[in-house]
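Participant: As input, take upload37.txt (compact mmCIF, C-alpha atoms):
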```txt
# COMPACT_ATOMS: atom_id res chain seq x y z
CA MET A 1 -33.83 -26.86 -9.62
CA SER A 2 -33.72 -29.46 -6.86
CA GLU A 3 -30.73 -31.76 -6.56
CA GLN A 4 -31.52 -35.46 -6.76
CA VAL A 5 -30.14 -37.35 -3.77
CA ARG A 6 -29.96 -41.12 -4.13
CA LEU A 7 -28.44 -44.10 -2.38
CA ARG A 8 -26.69 -46.96 -4.12
CA GLU A 9 -24.36 -49.81 -3.28
CA VAL A 10 -20.75 -48.87 -2.58
CA SER A 11 -18.17 -49.95 -5.12
CA HIS A 12 -14.46 -50.37 -4.48
CA ALA A 13 -13.87 -47.42 -6.83
CA ASP A 14 -15.76 -45.20 -4.33
CA LEU A 15 -13.18 -45.81 -1.62
CA GLU A 16 -10.65 -43.33 -3.02
CA VAL A 17 -13.26 -40.55 -2.77
CA PHE A 18 -14.17 -41.62 0.76
CA LEU A 19 -10.48 -41.57 1.71
CA ALA A 20 -10.07 -38.03 0.39
CA GLN A 21 -13.20 -36.93 2.27
CA GLU A 22 -11.86 -38.41 5.51
CA HIS A 23 -8.64 -36.41 5.06
CA ASP A 24 -10.37 -33.06 4.51
CA PRO A 25 -8.99 -30.79 7.29
CA GLU A 26 -12.34 -29.14 8.08
CA ALA A 27 -14.11 -32.51 8.24
CA VAL A 28 -11.38 -33.82 10.56
CA HIS A 29 -11.87 -30.80 12.81
CA ARG A 30 -15.67 -31.04 12.94
CA SER A 31 -15.83 -34.78 13.44
CA ASN A 32 -12.85 -34.96 15.79
CA PHE A 33 -11.86 -38.09 13.88
CA ARG A 34 -8.22 -38.74 13.10
CA PRO A 35 -7.88 -39.74 9.44
CA ARG A 36 -6.31 -43.10 8.73
CA GLU A 37 -3.37 -43.83 6.48
CA PRO A 38 -4.53 -44.98 3.03
CA GLU A 39 -3.62 -48.66 3.48
CA VAL A 40 -5.32 -48.79 6.92
CA PHE A 41 -8.41 -47.00 5.56
CA LEU A 42 -8.72 -49.31 2.54
CA ARG A 43 -8.17 -52.48 4.61
CA HIS A 44 -10.83 -51.32 7.11
CA TRP A 45 -13.36 -50.61 4.37
CA LYS A 46 -12.71 -53.79 2.39
CA THR A 47 -12.67 -56.18 5.35
CA LYS A 48 -14.72 -54.64 8.16
CA VAL A 49 -17.23 -52.42 6.36
CA LEU A 50 -17.88 -54.07 3.00
CA GLY A 51 -16.68 -57.49 4.14
CA ASP A 52 -19.23 -57.88 6.94
CA PRO A 53 -22.61 -59.02 5.59
CA SER A 54 -24.41 -57.74 8.69
CA ASN A 55 -23.47 -54.15 7.77
CA PHE A 56 -25.77 -52.04 5.63
CA VAL A 57 -23.65 -49.71 3.51
CA ARG A 58 -24.77 -47.13 0.96
CA ALA A 59 -23.08 -44.51 -1.17
CA VAL A 60 -24.80 -41.14 -1.37
CA THR A 61 -24.99 -39.49 -4.78
CA VAL A 62 -26.19 -36.04 -5.77
CA ASP A 63 -27.23 -35.76 -9.40
CA GLY A 64 -25.06 -38.83 -10.03
CA GLU A 65 -21.95 -37.42 -8.30
CA LEU A 66 -20.56 -39.38 -5.33
CA ALA A 67 -21.18 -37.30 -2.20
CA GLY A 68 -20.43 -39.65 0.71
CA ASN A 69 -21.63 -42.72 2.55
CA LEU A 70 -23.90 -44.06 5.26
CA VAL A 71 -23.21 -47.24 7.24
CA ALA A 72 -25.11 -49.28 9.83
CA TRP A 73 -23.22 -51.89 11.85
CA TRP A 74 -23.50 -53.99 15.00
CA GLU A 75 -21.44 -53.17 18.05
CA GLU A 76 -22.16 -56.02 20.45
CA ASP A 77 -25.97 -55.98 20.80
CA ARG A 78 -26.50 -52.41 19.55
CA ARG A 79 -26.97 -51.24 15.97
CA PHE A 80 -25.12 -48.00 15.13
CA ILE A 81 -25.09 -45.68 12.16
CA GLY A 82 -22.47 -43.33 10.86
CA TYR A 83 -22.06 -41.18 7.79
CA TRP A 84 -19.62 -38.95 6.00
CA LEU A 85 -20.29 -36.35 3.33
CA GLY A 86 -17.78 -34.41 1.32
CA ARG A 87 -17.52 -30.76 2.38
CA GLU A 88 -18.87 -29.49 -0.95
CA PHE A 89 -22.20 -31.15 -0.05
CA TRP A 90 -22.59 -29.60 3.40
CA GLY A 91 -25.34 -27.06 4.00
CA ARG A 92 -27.36 -28.10 0.96
CA GLY A 93 -29.85 -30.48 2.59
CA VAL A 94 -28.04 -33.51 1.19
CA GLY A 95 -27.49 -35.07 4.62
CA THR A 96 -31.15 -34.60 5.53
CA ARG A 97 -32.41 -36.26 2.36
CA ALA A 98 -29.81 -39.03 2.39
CA LEU A 99 -30.42 -39.94 6.03
CA ARG A 100 -34.20 -40.10 5.43
CA LEU A 101 -33.67 -42.49 2.51
CA PHE A 102 -31.25 -44.57 4.58
CA LEU A 103 -33.60 -44.80 7.57
CA ASP A 104 -36.38 -45.99 5.26
CA GLN A 105 -34.15 -48.92 4.27
CA GLU A 106 -32.34 -49.60 7.58
CA THR A 107 -35.30 -50.55 9.73
CA THR A 108 -33.53 -51.97 12.80
CA ARG A 109 -34.61 -50.15 15.94
CA PRO A 110 -33.35 -49.03 18.30
CA LEU A 111 -30.61 -47.42 16.22
CA HIS A 112 -27.70 -45.61 17.89
CA ALA A 113 -25.36 -42.80 16.87
CA ASP A 114 -22.58 -41.14 18.84
CA PRO A 115 -21.23 -38.03 17.08
CA PHE A 116 -18.57 -35.81 18.61
CA ALA A 117 -20.33 -33.32 20.91
CA GLY A 118 -18.69 -30.41 19.09
CA ASN A 119 -20.18 -31.51 15.77
CA THR A 120 -23.44 -29.67 16.34
CA GLY A 121 -24.51 -30.03 12.70
CA SER A 122 -24.38 -33.81 12.93
CA VAL A 123 -26.22 -33.84 16.26
CA ARG A 124 -28.95 -31.59 14.80
CA LEU A 125 -29.26 -33.78 11.71
CA LEU A 126 -29.85 -36.87 13.82
CA GLU A 127 -32.33 -35.10 16.11
CA LYS A 128 -34.24 -33.85 13.06
CA HIS A 129 -34.81 -37.50 12.16
CA GLY A 130 -36.14 -38.50 15.57
CA PHE A 131 -32.96 -39.51 17.38
CA ARG A 132 -33.10 -38.55 21.07
CA ARG A 133 -30.20 -37.80 23.38
CA THR A 134 -29.68 -40.44 26.04
CA GLY A 135 -26.44 -39.12 27.51
CA THR A 136 -22.81 -38.76 26.63
CA VAL A 137 -19.89 -41.12 26.21
CA MET A 138 -16.19 -40.40 26.41
CA TYR A 139 -13.69 -41.63 23.87
CA GLY A 140 -10.42 -40.77 25.50
CA GLU A 141 -10.77 -37.13 26.49
CA HIS A 142 -13.43 -36.37 23.88
CA GLU A 143 -17.13 -36.18 24.69
CA HIS A 144 -19.64 -37.68 22.25
CA VAL A 145 -23.43 -37.41 22.36
CA MET A 146 -25.27 -40.74 22.48
CA LEU A 147 -28.47 -40.58 20.46
CA VAL A 148 -31.05 -43.33 19.94
CA LEU A 149 -33.84 -43.74 17.43
CA HIS A 150 -36.63 -45.97 18.78
CA GLU A 151 -39.60 -47.56 17.05
CA GLU A 152 -42.14 -44.96 16.06
CA ASP A 153 -45.31 -45.14 18.12
```
Mind converting the file's structure to structure tokens?
Facilitator:
Amino acid sequence: MSEQVRLREVSHADLEVFLAQEHDPEAVHRSNFRPREPEVFLRHWKTKVLGDPSNFVRAVTVDGELAGNLVAWWEEDRRFIGYWLGREFWGRGVGTRALRLFLDQETTRPLHADPFAGNTGSVRLLEKHGFRRTGTVMYGEHEHVMLVLHEED
């Protein structure tokens, strides 16, 4: 039986799950993202993510269970996306289906993403959806792959 992947608006109740997902040791390792303290995380989400009307934010559910999130935001004149899925949803095609649904709704192009170069699964997921490598960027001593999704011809 196929799992039903859906997107919905994020509620404040979802933030505790997102916080736990950000603190998962394997996710921290793969993403090379240092987890934030709970109060910093919640303030960021409430003010910068959910509090900015130019952001497009969706929760990912699988058969009704909260699986993660996808976010699009402006960084100067470039639109970026990012996402996070709980480890129990990795390797099941959830990211593929959720990103397709998200890209159908977030229609701004070009769209940028810059995952950690060592997160090969994330890079592959983006490339599967048409993102193309345009180079690398350094955040401190860590290399990230810059990918861009352009208008489809």
Participant: Taking 2 positions as the minimum chain separation for residues in the same chain, which residues sit within 10 Å of range 17-32 of chain A when counting all atoms listed in the file? Answer as number ranges by chain.
Facilitator: A: 13-15, 34-38, 41-42, 45, 59, 66-69, 84-88, 115-122, 142-144
Participant: Go ahead and dump the residues you just picked, C-alpha atoms, as a compact mmCIF listing (two decimals), in the coordinates of the input.
Facilitator:
```
# COMPACT_ATOMS: atom_id res chain seq x y z
CA ALA A 13 -13.87 -47.42 -6.83
CA ASP A 14 -15.76 -45.20 -4.33
CA LEU A 15 -13.18 -45.81 -1.62
CA ARG A 34 -8.22 -38.74 13.10
CA PRO A 35 -7.88 -39.74 9.44
CA ARG A 36 -6.31 -43.10 8.73
CA GLU A 37 -3.37 -43.83 6.48
CA PRO A 38 -4.53 -44.98 3.03
CA PHE A 41 -8.41 -47.00 5.56
CA LEU A 42 -8.72 -49.31 2.54
CA TRP A 45 -13.36 -50.61 4.37
CA ALA A 59 -23.08 -44.51 -1.17
CA LEU A 66 -20.56 -39.38 -5.33
CA ALA A 67 -21.18 -37.30 -2.20
CA GLY A 68 -20.43 -39.65 0.71
CA ASN A 69 -21.63 -42.72 2.55
CA TRP A 84 -19.62 -38.95 6.00
CA LEU A 85 -20.29 -36.35 3.33
CA GLY A 86 -17.78 -34.41 1.32
CA ARG A 87 -17.52 -30.76 2.38
CA GLU A 88 -18.87 -29.49 -0.95
CA PRO A 115 -21.23 -38.03 17.08
CA PHE A 116 -18.57 -35.81 18.61
CA ALA A 117 -20.33 -33.32 20.91
CA GLY A 118 -18.69 -30.41 19.09
CA ASN A 119 -20.18 -31.51 15.77
CA THR A 120 -23.44 -29.67 16.34
CA GLY A 121 -24.51 -30.03 12.70
CA SER A 122 -24.38 -33.81 12.93
CA HIS A 142 -13.43 -36.37 23.88
CA GLU A 143 -17.13 -36.18 24.69
CA HIS A 144 -19.64 -37.68 22.25
```
Participant: Have a look at CA of Arg58 in chain A and CA of Val10 in chain A and let me know their distance in Å, one decimal.
Facilitator: 5.6 Å
Participant: Between A:Leu147, A:Val49, A:Val94, A:Ala72, which is the closest to Gly130 in chain A once you count only C-alpha atoms?
Facilitator: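 The closest residue to Gly130 in chain A is A:Leu147.
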Participant: For a test of reading the model, state the distance in Å between CA of Glu75 in chain A and CA of Leu99 in chain A, rounded to one decimal.
Facilitator: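 Taking CA of Glu75 in chain A as the start and CA of Leu99 in chain A as the end point, the length is 20.0 Å.
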Participant: Using Å and a single decimal, report how far CA of Glu151 in chain A sits from CA of Ser54 in chain A.
Facilitator: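 Between CA of Ser54 in chain A and CA of Glu151 in chain A the gap works out to 20.1 Å.
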Participant: Kindly compute an axis-aligned box around the listed atoms of range 17-34 of chain A, allowing 4 Å on each side, and express its centre and edge lengths in Å to one decimal as AutoDock Vina command-line options.
Facilitator:
```
--center_x -12.0 --center_y -35.4 --center_z 6.5 --size_x 15.6 --size_y 20.5 --size_z 26.6
```
Participant: Which is closest to Arg78 in chain A among A:Met138, A:Leu125, A:Leu111, A:Val40, if we use only C-alpha atoms?
Facilitator: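 Nearest candidate to Arg78 in chain A out of A:Met138, A:Leu125, A:Leu111, A:Val40: A:Leu111.
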Participant: Report as an NGL selection string all protein, DNA and RNA residues lying within 12 Å of Asp77 in chain A, evaluated on only C-alpha atoms, omitting residues in the same chain fewer than 4 positions from it.
Facilitator: :A and (73 or 108-112)
Participant: Which residue gives the smallest distance to Arg43 in chain A among A:Asn55, A:Leu149, A:His12, A:Glu3, with all atoms listed in the file counted?
Facilitator: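 Looking at the shortest contact to Arg43 in chain A, the residue is A:His12.
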Participant: Measuring atom to atom with all atoms listed in the file, identify which of A:Lys128, A:Arg6, A:Trp74, A:Glu65 is nearest to Pro53 in chain A.
Facilitator: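 Smallest distance to Pro53 in chain A is found for A:Trp74.
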Participant: Rank nothing, just name the residue among A:Asp114, A:Glu127, A:Glu141, A:Glu76 nearest to Thr96 in chain A, using only C-alpha atoms.
Facilitator: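 Nearest candidate to Thr96 in chain A out of A:Asp114, A:Glu127, A:Glu141, A:Glu76: A:Glu127.
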Participant: With distances taken over all atoms listed in the file, which residue among A:Val148, A:Val57, A:Leu50, A:Val137 lies nearest Glu9 in chain A?
Facilitator: A:Val57
Participant: Excluding Val71 in chain A and any residue of its chain fewer than 5 positions from it, enumerate the residues within 6 Å of it, using all atoms listed in the file, and give them as a list in words.
Facilitator: Phe56, Val57, Ile81 and Gly82 of chain A
Participant: Save range 118-130 of chain A from what I just supplied, as a PDB file, in the first residue's frame, atoms limited to N, CA, C and O atoms.
Facilitator:
```pdb
ATOM      1  N   GLY A 118      28.408  17.283   1.598  1.00  0.00           N
ATOM      2  CA  GLY A 118      28.439  15.905   2.069  1.00  0.00           C
ATOM      3  C   GLY A 118      27.076  15.256   2.189  1.00  0.00           C
ATOM      4  O   GLY A 118      26.977  14.048   2.392  1.00  0.00           O
ATOM      5  N   ASN A 119      26.018  16.037   2.038  1.00  0.00           N
ATOM      6  CA  ASN A 119      24.664  15.498   2.115  1.00  0.00           C
ATOM      7  C   ASN A 119      24.234  15.077   0.709  1.00  0.00           C
ATOM      8  O   ASN A 119      23.415  15.722   0.068  1.00  0.00           O
ATOM      9  N   THR A 120      24.813  13.990   0.239  1.00  0.00           N
ATOM     10  CA  THR A 120      24.585  13.567  -1.139  1.00  0.00           C
ATOM     11  C   THR A 120      23.130  13.218  -1.412  1.00  0.00           C
ATOM     12  O   THR A 120      22.645  13.415  -2.521  1.00  0.00           O
ATOM     13  N   GLY A 121      22.408  12.725  -0.414  1.00  0.00           N
ATOM     14  CA  GLY A 121      20.994  12.413  -0.612  1.00  0.00           C
ATOM     15  C   GLY A 121      20.192  13.658  -0.924  1.00  0.00           C
ATOM     16  O   GLY A 121      19.322  13.653  -1.806  1.00  0.00           O
ATOM     17  N   SER A 122      20.471  14.741  -0.236  1.00  0.00           N
ATOM     18  CA  SER A 122      19.760  15.988  -0.479  1.00  0.00           C
ATOM     19  C   SER A 122      20.114  16.560  -1.848  1.00  0.00           C
ATOM     20  O   SER A 122      19.240  17.039  -2.576  1.00  0.00           O
ATOM     21  N   VAL A 123      21.385  16.501  -2.203  1.00  0.00           N
ATOM     22  CA  VAL A 123      21.804  16.988  -3.527  1.00  0.00           C
ATOM     23  C   VAL A 123      21.103  16.179  -4.621  1.00  0.00           C
ATOM     24  O   VAL A 123      20.563  16.740  -5.574  1.00  0.00           O
ATOM     25  N   ARG A 124      21.082  14.862  -4.474  1.00  0.00           N
ATOM     26  CA  ARG A 124      20.407  14.005  -5.470  1.00  0.00           C
ATOM     27  C   ARG A 124      18.921  14.307  -5.563  1.00  0.00           C
ATOM     28  O   ARG A 124      18.345  14.331  -6.656  1.00  0.00           O
ATOM     29  N   LEU A 125      18.280  14.530  -4.419  1.00  0.00           N
ATOM     30  CA  LEU A 125      16.850  14.838  -4.415  1.00  0.00           C
ATOM     31  C   LEU A 125      16.576  16.097  -5.228  1.00  0.00           C
ATOM     32  O   LEU A 125      15.663  16.130  -6.060  1.00  0.00           O
ATOM     33  N   LEU A 126      17.357  17.130  -5.002  1.00  0.00           N
ATOM     34  CA  LEU A 126      17.168  18.383  -5.736  1.00  0.00           C
ATOM     35  C   LEU A 126      17.439  18.196  -7.228  1.00  0.00           C
ATOM     36  O   LEU A 126      16.675  18.680  -8.072  1.00  0.00           O
ATOM     37  N   GLU A 127      18.495  17.488  -7.568  1.00  0.00           N
ATOM     38  CA  GLU A 127      18.807  17.257  -8.987  1.00  0.00           C
ATOM     39  C   GLU A 127      17.706  16.443  -9.663  1.00  0.00           C
ATOM     40  O   GLU A 127      17.385  16.684 -10.837  1.00  0.00           O
ATOM     41  N   LYS A 128      17.106  15.530  -8.959  1.00  0.00           N
ATOM     42  CA  LYS A 128      16.008  14.721  -9.508  1.00  0.00           C
ATOM     43  C   LYS A 128      14.828  15.601  -9.916  1.00  0.00           C
ATOM     44  O   LYS A 128      14.077  15.269 -10.831  1.00  0.00           O
ATOM     45  N   HIS A 129      14.702  16.759  -9.252  1.00  0.00           N
ATOM     46  CA  HIS A 129      13.605  17.673  -9.549  1.00  0.00           C
ATOM     47  C   HIS A 129      14.008  18.814 -10.476  1.00  0.00           C
ATOM     48  O   HIS A 129      13.293  19.809 -10.587  1.00  0.00           O
ATOM     49  N   GLY A 130      15.151  18.692 -11.125  1.00  0.00           N
ATOM     50  CA  GLY A 130      15.546  19.661 -12.135  1.00  0.00           C
ATOM     51  C   GLY A 130      16.511  20.733 -11.683  1.00  0.00           C
ATOM     52  O   GLY A 130      16.900  21.582 -12.492  1.00  0.00           O
TER      53      GLY A 130
END
```
